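**Q** My structure file final31.tsv, TSV, C-alpha atoms, is below:
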chain	number	residue	atom	x	y	z
A	1	MET	CA	170.40	-41.88	106.90
A	2	ASN	CA	169.96	-38.20	107.03
A	3	ASP	CA	172.24	-38.01	110.06
A	4	HIS	CA	173.05	-34.23	109.70
A	5	ALA	CA	170.05	-32.82	107.93
A	6	ALA	CA	169.17	-31.00	111.13
A	7	ASP	CA	172.39	-29.00	110.80
A	8	ALA	CA	171.02	-27.12	107.82
A	9	ALA	CA	167.64	-26.48	109.40
A	10	PRO	CA	168.30	-22.81	110.21
A	11	GLY	CA	168.70	-22.13	106.50
A	12	ILE	CA	165.55	-23.96	105.47
A	13	SER	CA	163.21	-21.15	106.46
A	14	ALA	CA	165.03	-18.61	104.30
A	15	PRO	CA	163.06	-17.41	101.25
A	16	PRO	CA	163.89	-19.70	98.34
A	17	ARG	CA	165.68	-18.32	95.32
A	18	PRO	CA	163.56	-19.33	92.29
A	19	ALA	CA	166.57	-19.39	89.95
A	20	GLY	CA	168.20	-22.00	92.17
A	21	GLU	CA	165.16	-24.12	93.00
A	22	ARG	CA	165.94	-26.66	90.25
A	23	LEU	CA	169.48	-27.07	91.59
A	24	GLY	CA	168.08	-27.32	95.11
A	25	LEU	CA	165.62	-30.01	94.11
A	26	VAL	CA	168.24	-32.08	92.27
A	27	THR	CA	170.77	-31.89	95.11
A	28	GLY	CA	168.08	-32.48	97.74
A	29	ILE	CA	166.81	-35.62	96.01
A	30	ALA	CA	170.39	-36.81	95.55
A	31	ALA	CA	171.16	-36.26	99.25
A	32	TYR	CA	168.13	-38.14	100.52
A	33	GLY	CA	168.60	-40.81	97.87
A	34	ILE	CA	172.12	-41.53	99.12
A	35	TRP	CA	170.86	-41.63	102.71
A	36	GLY	CA	168.04	-43.94	101.64
A	37	PHE	CA	170.35	-46.46	99.96
A	38	PHE	CA	172.88	-46.38	102.83
A	39	PRO	CA	171.68	-49.79	104.15
A	40	LEU	CA	173.16	-51.44	101.05
A	41	LEU	CA	176.66	-50.35	102.08
A	42	PHE	CA	176.99	-51.65	105.62
A	43	PRO	CA	176.60	-55.39	104.92
A	44	LEU	CA	179.51	-55.02	102.47
A	45	LEU	CA	181.69	-53.90	105.39
A	46	LEU	CA	181.37	-57.20	107.23
A	47	PRO	CA	183.14	-58.88	108.95
A	48	ALA	CA	183.96	-55.51	110.54
A	49	GLY	CA	181.83	-55.01	113.66
A	50	PRO	CA	179.60	-51.98	114.30
A	51	LEU	CA	182.20	-50.18	116.45
A	52	GLU	CA	184.95	-50.67	113.87
A	53	ILE	CA	182.66	-49.42	111.09
A	54	LEU	CA	181.72	-46.43	113.25
A	55	ALA	CA	185.38	-45.65	113.95
A	56	HIS	CA	186.20	-45.56	110.23
A	57	ARG	CA	183.06	-43.61	109.42
A	58	VAL	CA	184.06	-40.95	111.96
A	59	LEU	CA	187.69	-40.73	110.87
A	60	TRP	CA	187.24	-40.69	107.10
A	61	SER	CA	184.24	-38.35	107.18
A	62	MET	CA	186.29	-35.84	109.18
A	63	LEU	CA	189.14	-36.04	106.66
A	64	ALA	CA	186.76	-35.81	103.69
A	65	VAL	CA	184.98	-32.74	105.04
A	66	GLY	CA	188.28	-31.16	106.03
A	67	LEU	CA	189.52	-31.50	102.44
A	68	VAL	CA	186.28	-29.99	101.13
A	69	LEU	CA	186.57	-27.00	103.48
A	70	VAL	CA	190.19	-26.49	102.43
A	71	ALA	CA	189.30	-26.81	98.73
A	72	LEU	CA	186.55	-24.22	99.17
A	73	ARG	CA	189.04	-21.95	100.97
A	74	HIS	CA	186.56	-21.73	103.79
A	75	PRO	CA	187.53	-19.38	106.66
A	76	TRP	CA	188.25	-21.17	109.94
A	77	GLY	CA	187.29	-18.47	112.43
A	78	TRP	CA	184.15	-20.42	113.35
A	79	LEU	CA	186.31	-23.13	114.94
A	80	ARG	CA	187.54	-20.80	117.68
A	81	ASP	CA	183.98	-19.80	118.59
A	82	ALA	CA	182.72	-23.40	118.50
A	83	LEU	CA	185.46	-24.53	120.91
A	84	ALA	CA	184.81	-21.69	123.35
A	85	PRO	CA	183.94	-22.88	126.90
A	86	ARG	CA	180.30	-21.85	126.47
A	87	GLN	CA	179.83	-23.84	123.26
A	88	LEU	CA	182.16	-26.82	123.70
A	89	PRO	CA	179.93	-28.84	126.07
A	90	TRP	CA	177.07	-28.62	123.58
A	91	MET	CA	179.34	-29.70	120.75
A	92	LEU	CA	180.57	-32.66	122.79
A	93	LEU	CA	177.01	-33.69	123.63
A	94	GLY	CA	176.02	-33.38	119.98
A	95	SER	CA	178.98	-35.55	118.97
A	96	LEU	CA	178.01	-38.28	121.43
A	97	LEU	CA	174.37	-38.23	120.31
A	98	ILE	CA	175.17	-38.45	116.61
A	99	GLY	CA	177.74	-41.17	117.37
A	100	ALA	CA	175.08	-43.16	119.23
A	101	ASN	CA	172.69	-42.63	116.31
A	102	TRP	CA	175.25	-43.85	113.77
A	103	LEU	CA	176.20	-46.86	115.90
A	104	THR	CA	172.55	-47.90	116.37
A	105	PHE	CA	171.88	-47.55	112.64
A	106	ILE	CA	174.94	-49.62	111.67
A	107	TRP	CA	174.04	-52.36	114.16
A	108	ALA	CA	170.42	-52.38	113.04
A	109	ILE	CA	171.23	-52.73	109.33
A	110	ASN	CA	173.72	-55.55	109.84
A	111	ASN	CA	171.27	-57.36	112.13
A	112	ASN	CA	168.39	-57.17	109.64
A	113	HIS	CA	166.36	-54.41	111.32
A	114	VAL	CA	166.10	-52.18	108.23
A	115	VAL	CA	162.32	-51.72	108.50
A	116	GLU	CA	162.66	-50.73	112.16
A	117	SER	CA	165.36	-48.22	111.21
A	118	SER	CA	163.09	-46.63	108.61
A	119	LEU	CA	160.32	-46.32	111.21
A	120	GLY	CA	162.68	-44.35	113.46
A	121	TYR	CA	163.17	-41.71	110.76
A	122	PHE	CA	159.47	-41.66	109.85
A	123	ILE	CA	158.56	-40.62	113.39
A	124	ASN	CA	161.58	-38.34	113.91
A	125	PRO	CA	159.90	-35.12	112.61
A	126	LEU	CA	157.03	-35.69	115.02
A	127	VAL	CA	159.47	-36.35	117.87
A	128	ASN	CA	161.06	-32.99	117.03
A	129	ILE	CA	157.67	-31.28	117.39
A	130	LEU	CA	157.15	-32.91	120.78
A	131	LEU	CA	160.63	-31.96	122.02
A	132	GLY	CA	160.08	-28.37	120.89
A	133	VAL	CA	156.94	-28.20	123.01
A	134	LEU	CA	158.45	-29.87	126.07
A	135	VAL	CA	161.85	-28.14	126.08
A	136	PHE	CA	161.34	-24.77	124.40
A	137	GLY	CA	157.68	-24.24	125.19
A	138	GLU	CA	156.80	-23.99	121.49
A	139	LYS	CA	153.11	-23.92	120.64
A	140	MET	CA	151.98	-27.10	118.92
A	141	SER	CA	149.66	-26.57	115.97
A	142	ARG	CA	146.52	-28.65	115.59
A	143	GLY	CA	148.13	-30.55	112.72
A	144	GLY	CA	151.26	-31.18	114.77
A	145	LEU	CA	149.16	-32.49	117.68
A	146	ILE	CA	147.09	-34.81	115.48
A	147	GLY	CA	150.18	-36.06	113.65
A	148	THR	CA	152.02	-36.74	116.91
A	149	LEU	CA	149.04	-38.57	118.43
A	150	LEU	CA	148.62	-40.72	115.32
A	151	ALA	CA	152.32	-41.61	115.36
A	152	ALA	CA	152.16	-42.42	119.08
A	153	ALA	CA	149.16	-44.67	118.44
A	154	GLY	CA	151.06	-46.37	115.62
A	155	VAL	CA	154.10	-47.00	117.82
A	156	THR	CA	151.81	-48.41	120.53
A	157	VAL	CA	150.21	-50.82	118.06
A	158	ILE	CA	153.63	-51.95	116.83
A	159	ALA	CA	154.88	-52.40	120.39
A	160	TRP	CA	151.95	-54.68	121.18
A	161	GLN	CA	153.50	-57.61	119.31
A	162	ASN	CA	156.81	-56.34	117.93
A	163	TRP	CA	158.70	-54.91	120.89
A	164	ALA	CA	161.90	-56.86	120.09
A	165	GLY	CA	162.89	-54.51	117.27
A	166	LEU	CA	161.00	-51.37	118.28
A	167	TRP	CA	163.84	-50.21	120.53
A	168	VAL	CA	165.86	-49.59	117.33
A	169	SER	CA	163.20	-47.21	115.99
A	170	LEU	CA	162.83	-45.37	119.29
A	171	THR	CA	166.59	-45.09	119.84
A	172	LEU	CA	167.15	-43.64	116.36
A	173	ALA	CA	164.25	-41.20	116.67
A	174	ALA	CA	165.19	-40.11	120.20
A	175	SER	CA	168.94	-39.76	119.58
A	176	PHE	CA	168.45	-37.75	116.39
A	177	GLY	CA	165.69	-35.68	117.98
A	178	LEU	CA	167.89	-34.83	120.96
A	179	TYR	CA	170.76	-34.14	118.58
A	180	GLY	CA	168.61	-31.59	116.77
A	181	LEU	CA	167.75	-30.07	120.14
A	182	VAL	CA	171.43	-29.68	121.00
A	183	LYS	CA	172.12	-28.16	117.59
A	184	LYS	CA	169.77	-25.32	118.47
A	185	ARG	CA	172.15	-24.49	121.32
A	186	ALA	CA	175.32	-24.82	119.23
A	187	THR	CA	174.43	-23.81	115.69
A	188	LEU	CA	176.98	-24.48	112.98
A	189	PRO	CA	176.53	-24.83	109.22
A	190	ALA	CA	176.22	-28.41	107.99
A	191	LEU	CA	179.76	-29.16	106.85
A	192	GLU	CA	181.43	-27.34	109.73
A	193	GLY	CA	179.19	-29.19	112.17
A	194	LEU	CA	180.10	-32.60	110.74
A	195	PHE	CA	183.80	-31.72	110.71
A	196	LEU	CA	183.85	-30.65	114.36
A	197	GLU	CA	181.61	-33.45	115.64
A	198	SER	CA	183.66	-36.06	113.80
A	199	GLY	CA	186.82	-34.38	115.05
A	200	LEU	CA	185.67	-34.60	118.66
A	201	LEU	CA	184.94	-38.31	118.20
A	202	THR	CA	188.17	-38.99	116.30
A	203	PRO	CA	190.38	-39.59	119.39
A	204	LEU	CA	187.99	-42.35	120.48
A	205	ALA	CA	187.86	-43.74	116.94
A	206	VAL	CA	191.66	-43.78	116.59
A	207	ALA	CA	192.08	-45.33	120.04
A	208	TYR	CA	189.68	-48.13	119.13
A	209	TRP	CA	191.39	-48.63	115.78
A	210	VAL	CA	194.79	-48.91	117.53
A	211	TYR	CA	193.30	-51.41	119.99
A	212	LEU	CA	191.94	-53.55	117.16
A	213	ALA	CA	195.27	-53.42	115.33
A	214	ALA	CA	197.20	-54.32	118.48
A	215	THR	CA	194.98	-57.33	119.18
A	216	GLY	CA	194.93	-58.48	115.54
A	217	ALA	CA	191.17	-57.89	115.29
A	218	SER	CA	191.24	-55.03	112.78
A	219	THR	CA	189.78	-55.83	109.37
A	220	PHE	CA	191.22	-52.67	107.80
A	221	GLY	CA	194.16	-53.64	105.57
A	222	ALA	CA	192.97	-57.22	105.23
A	223	GLY	CA	192.08	-56.53	101.61
A	224	LEU	CA	192.20	-53.55	99.29
A	225	GLY	CA	188.51	-53.72	98.42
A	226	HIS	CA	187.38	-54.00	102.04
A	227	SER	CA	189.61	-51.14	103.17
A	228	ALA	CA	188.34	-48.97	100.32
A	229	LEU	CA	184.75	-49.64	101.37
A	230	LEU	CA	185.53	-48.59	104.96
A	231	ILE	CA	186.95	-45.32	103.62
A	232	LEU	CA	183.92	-44.94	101.33
A	233	ALA	CA	181.62	-45.14	104.37
A	234	GLY	CA	183.20	-41.93	105.64
A	235	ILE	CA	183.08	-40.18	102.27
A	236	LEU	CA	179.41	-41.11	101.82
A	237	THR	CA	178.71	-39.60	105.22
A	238	ALA	CA	180.01	-36.25	103.99
A	239	LEU	CA	178.70	-36.26	100.39
A	240	PRO	CA	174.91	-36.16	101.03
A	241	LEU	CA	175.41	-33.57	103.75
A	242	TRP	CA	177.24	-31.33	101.27
A	243	LEU	CA	174.42	-31.83	98.76
A	244	PHE	CA	171.80	-31.02	101.39
A	245	ALA	CA	173.67	-27.88	102.40
A	246	ILE	CA	173.32	-26.74	98.77
A	247	ALA	CA	169.64	-27.72	98.59
A	248	ALA	CA	168.19	-26.43	101.85
A	249	PRO	CA	168.47	-22.65	101.30
A	250	ARG	CA	167.06	-22.97	97.77
A	251	LEU	CA	163.90	-24.93	98.58
A	252	PRO	CA	160.62	-24.01	100.28
A	253	LEU	CA	160.05	-25.57	103.69
A	254	GLY	CA	157.20	-27.71	102.32
A	255	VAL	CA	159.46	-29.32	99.71
A	256	VAL	CA	162.11	-30.08	102.32
A	257	GLY	CA	159.34	-31.57	104.49
A	258	VAL	CA	158.49	-34.02	101.70
A	259	LEU	CA	162.10	-34.81	100.85
A	260	GLN	CA	162.92	-35.89	104.40
A	261	TYR	CA	160.59	-38.86	103.93
A	262	VAL	CA	162.40	-40.04	100.78
A	263	ALA	CA	165.20	-41.75	102.74
A	264	PRO	CA	163.06	-43.80	105.19
A	265	THR	CA	160.73	-44.77	102.32
A	266	ILE	CA	163.67	-46.17	100.34
A	267	GLN	CA	164.97	-47.91	103.46
A	268	PHE	CA	161.56	-49.45	104.14
A	269	LEU	CA	161.32	-50.78	100.58
A	270	LEU	CA	164.87	-52.16	100.83
A	271	GLY	CA	163.91	-53.90	104.07
A	272	LEU	CA	161.03	-55.65	102.33
A	273	THR	CA	162.77	-56.51	99.05
A	274	VAL	CA	166.54	-56.76	99.46
A	275	PHE	CA	166.73	-57.74	103.14
A	276	LYS	CA	163.57	-59.91	102.96
A	277	GLN	CA	162.13	-58.75	106.26
A	278	VAL	CA	158.66	-60.05	107.09
A	279	VAL	CA	156.24	-57.36	108.30
A	280	THR	CA	153.42	-58.68	110.49
A	281	PRO	CA	149.81	-57.45	110.16
A	282	SER	CA	150.07	-55.56	113.47
A	283	TYR	CA	153.27	-53.88	112.29
A	284	TRP	CA	151.53	-52.85	109.06
A	285	ALA	CA	148.66	-51.40	111.08
A	286	GLY	CA	151.07	-49.37	113.21
A	287	LEU	CA	152.99	-48.20	110.15
A	288	ILE	CA	149.80	-46.96	108.51
A	289	LEU	CA	149.00	-44.89	111.59
A	290	VAL	CA	152.53	-43.44	111.58
A	291	TRP	CA	152.24	-42.65	107.87
A	292	CYS	CA	148.89	-40.94	108.45
A	293	GLY	CA	150.52	-38.85	111.17
A	294	SER	CA	153.29	-37.94	108.74
A	295	VAL	CA	150.77	-36.85	106.11
A	296	VAL	CA	149.03	-34.60	108.63
A	297	TYR	CA	152.40	-33.12	109.59
A	298	LEU	CA	153.29	-32.48	105.93
A	299	ALA	CA	149.91	-30.85	105.34
A	300	THR	CA	150.68	-28.47	108.20
A	301	VAL	CA	154.11	-27.69	106.74
A	302	PHE	CA	152.63	-26.96	103.30
A	303	SER	CA	149.93	-24.76	104.80
A	304	ARG	CA	152.55	-22.74	106.66
A	305	THR	CA	154.67	-22.40	103.52
A	306	ARG	CA	151.68	-21.28	101.47
A	307	ARG	CA	150.76	-18.60	104.02
A	308	ALA	CA	154.36	-17.37	104.10
A	309	ARG	CA	154.44	-17.08	100.31
A	310	ALA	CA	151.09	-15.29	100.25
A	311	ALA	CA	152.36	-12.75	102.76
A	312	ARG	CA	155.63	-12.09	100.92
A	313	PRO	CA	154.32	-9.72	98.19
A	314	SER	CA	152.74	-7.41	100.77
A	315	ASP	CA	155.98	-7.46	102.73
A	316	ALA	CA	157.83	-6.30	99.63
A	317	THR	CA	155.74	-3.13	99.49
A	318	ALA	CA	156.72	-2.07	102.99
A	319	PRO	CA	159.26	0.75	103.41
A	320	HIS	CA	162.86	-0.45	103.46
Can you dump the structure from the file as structure tokens?

**A**
Amino acid sequence: MNDHAADAAPGISAPPRPAGERLGLVTGIAAYGIWGFFPLLFPLLLPAGPLEILAHRVLWSMLAVGLVLVALRHPWGWLRDALAPRQLPWMLLGSLLIGANWLTFIWAINNNHVVESSLGYFINPLVNILLGVLVFGEKMSRGGLIGTLLAAAGVTVIAWQNWAGLWVSLTLAASFGLYGLVKKRATLPALEGLFLESGLLTPLAVAYWVYLAATGASTFGAGLGHSALLILAGILTALPLWLFAIAAPRLPLGVVGVLQYVAPTIQFLLGLTVFKQVVTPSYWAGLILVWCGSVVYLATVFSRTRRARAARPSDATAPH
């Protein structure tokens, strides 16, 4: 899923560049499309367990992003600032949260909880609104309040008869919401953020990989195809993030608001069709409430974007 889309959030509010909007739309759809079809990859990585898959995802994504940053001749001065004593604890916390999010997602997909995973990312934007109010004292708009209440009602309806898998949805939404909260304290651009967070987790990943190899439990190296897929999991972690980093500054906030629902929609459809999950009537009822809450949230985002665009011409006439 869109594990690092929050990294690019600071750039989303920037005025879009019309000449680049087509590029932004193409790369944004591609990014969320890759995140949406991610559930098709993880079953191919079996018999590797969730922790082994996570270890390879961490290691190879760090190497892939590192190569991209080198190829782009990106300056590395940001690394010194990010590792400063004031910032390092936040970066460590962010790494642990995104690691927990990835691990939960991998486990959920390979245990046939794809629909529950999609629900977690449907309610995530509304969780972000709630966290902003509770932690930063942000003022919740009427649309945000209605959307959050509808989503909460939907989750309650689902929990009434489907609690067994609901913890997956809530864990994904909470871990990614808290991750976004931490990112506000330790802001880094998307690729740099993934590189550092993966780098901080890499010692744990390597240690676990060594343990598996020493005990004969590692599946890496058992076959060329399987090993290549484990490496691909890391590359596909970096690729959509790179695409999103291109898209976010070029698109209006309202468009980004719509795009973030592309991935969980694809995942939900995959859960029904490819993974053959059965959705109960009560689950459908809860999902409809969550979707209604999402529509209200998107309407609020579009209204805010429209007002910002309307105000822009008058701003241009002000003295510079």

**Q** Out of A:Leu253, A:Leu44, A:Leu92, A:Leu289, which residue has the shortest atom-to-atom distance to Arg304 (chain A) when counting all atoms listed in the file?

**A**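 That would be A:Leu253, the residue with the smallest distance to Arg304 (chain A).
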
**Q** Neighbouring residues of Leu126 (chain A) were defined as those with any atom within 9 Å, considering all atoms listed in the file; residues of the same chain fewer than 5 positions away were excluded. Please report them as number ranges by chain.

**A** A: 131, 144-145, 147-148, 151, 293-294, 297

**Q** For the residues selected in the previous step, produce a file with C-alpha atoms as a short mmCIF file (atom, residue, chain, number, x, y, z; two decimals), keeping the file's coordinate frame.

**A**
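The resulting file, result30.cif, is reproduced below:
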data_model
loop_
_atom_site.label_atom_id
_atom_site.label_comp_id
_atom_site.auth_asym_id
_atom_site.auth_seq_id
_atom_site.Cartn_x
_atom_site.Cartn_y
_atom_site.Cartn_z
CA LEU A 131 160.63 -31.96 122.02
CA GLY A 144 151.26 -31.18 114.77
CA LEU A 145 149.16 -32.49 117.68
CA GLY A 147 150.18 -36.06 113.65
CA THR A 148 152.02 -36.74 116.91
CA ALA A 151 152.32 -41.61 115.36
CA GLY A 293 150.52 -38.85 111.17
CA SER A 294 153.29 -37.94 108.74
CA TYR A 297 152.40 -33.12 109.59
#

**Q** So, with only C-alpha atoms as the atoms that count, which of A:Ile123, A:Leu212, A:Leu204, A:Ile288 lies closest to Ala173 (chain A)?

**A** A:Ile123

**Q** Using the file's own x, y and z axes, so that the box edges lie along x, y and z, what centre and edge lengths in Å (one decimal) does a box around every listed atom of region 55-70 of chain A get when 3 Å is added on each side? Give it as lines of an AutoDock Vina configuration file.

**A**
center_x = 186.6
center_y = -36.1
center_z = 107.5
size_x = 13.1
size_y = 25.2
size_z = 18.8

**Q** Quick one: residues within 9 Å of Lys276 (chain A), only C-alpha atoms counted, chain neighbours fewer than 5 positions away excluded, as a PyMOL selection string?

**A** chain A and resi 112+270-271

**Q** Using CA of Val26 (chain A) and CA of Thr265 (chain A) as the two end points, give the distance in Å to one decimal.

**A**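 That distance, rounded to one decimal, is 17.8 Å.
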
**Q** One decimal, in Å: what's the spacing between CA of Asn128 (chain A) and CA of Tyr261 (chain A)?

**A**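 Those two atoms sit 14.4 Å apart.
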
**Q** Using Å and a single decimal, report how far CA of Gly177 (chain A) sits from CA of Ala84 (chain A).

**A**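 Going from CA of Ala84 (chain A) over to CA of Gly177 (chain A) covers 24.3 Å.
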
**Q** Which is closest to Leu45 (chain A) among A:Leu188, A:Ala71, A:Val127, A:Ala222, if we use all atoms listed in the file?

**A**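 Of the candidates, the smallest distance to Leu45 (chain A) is held by A:Ala222.
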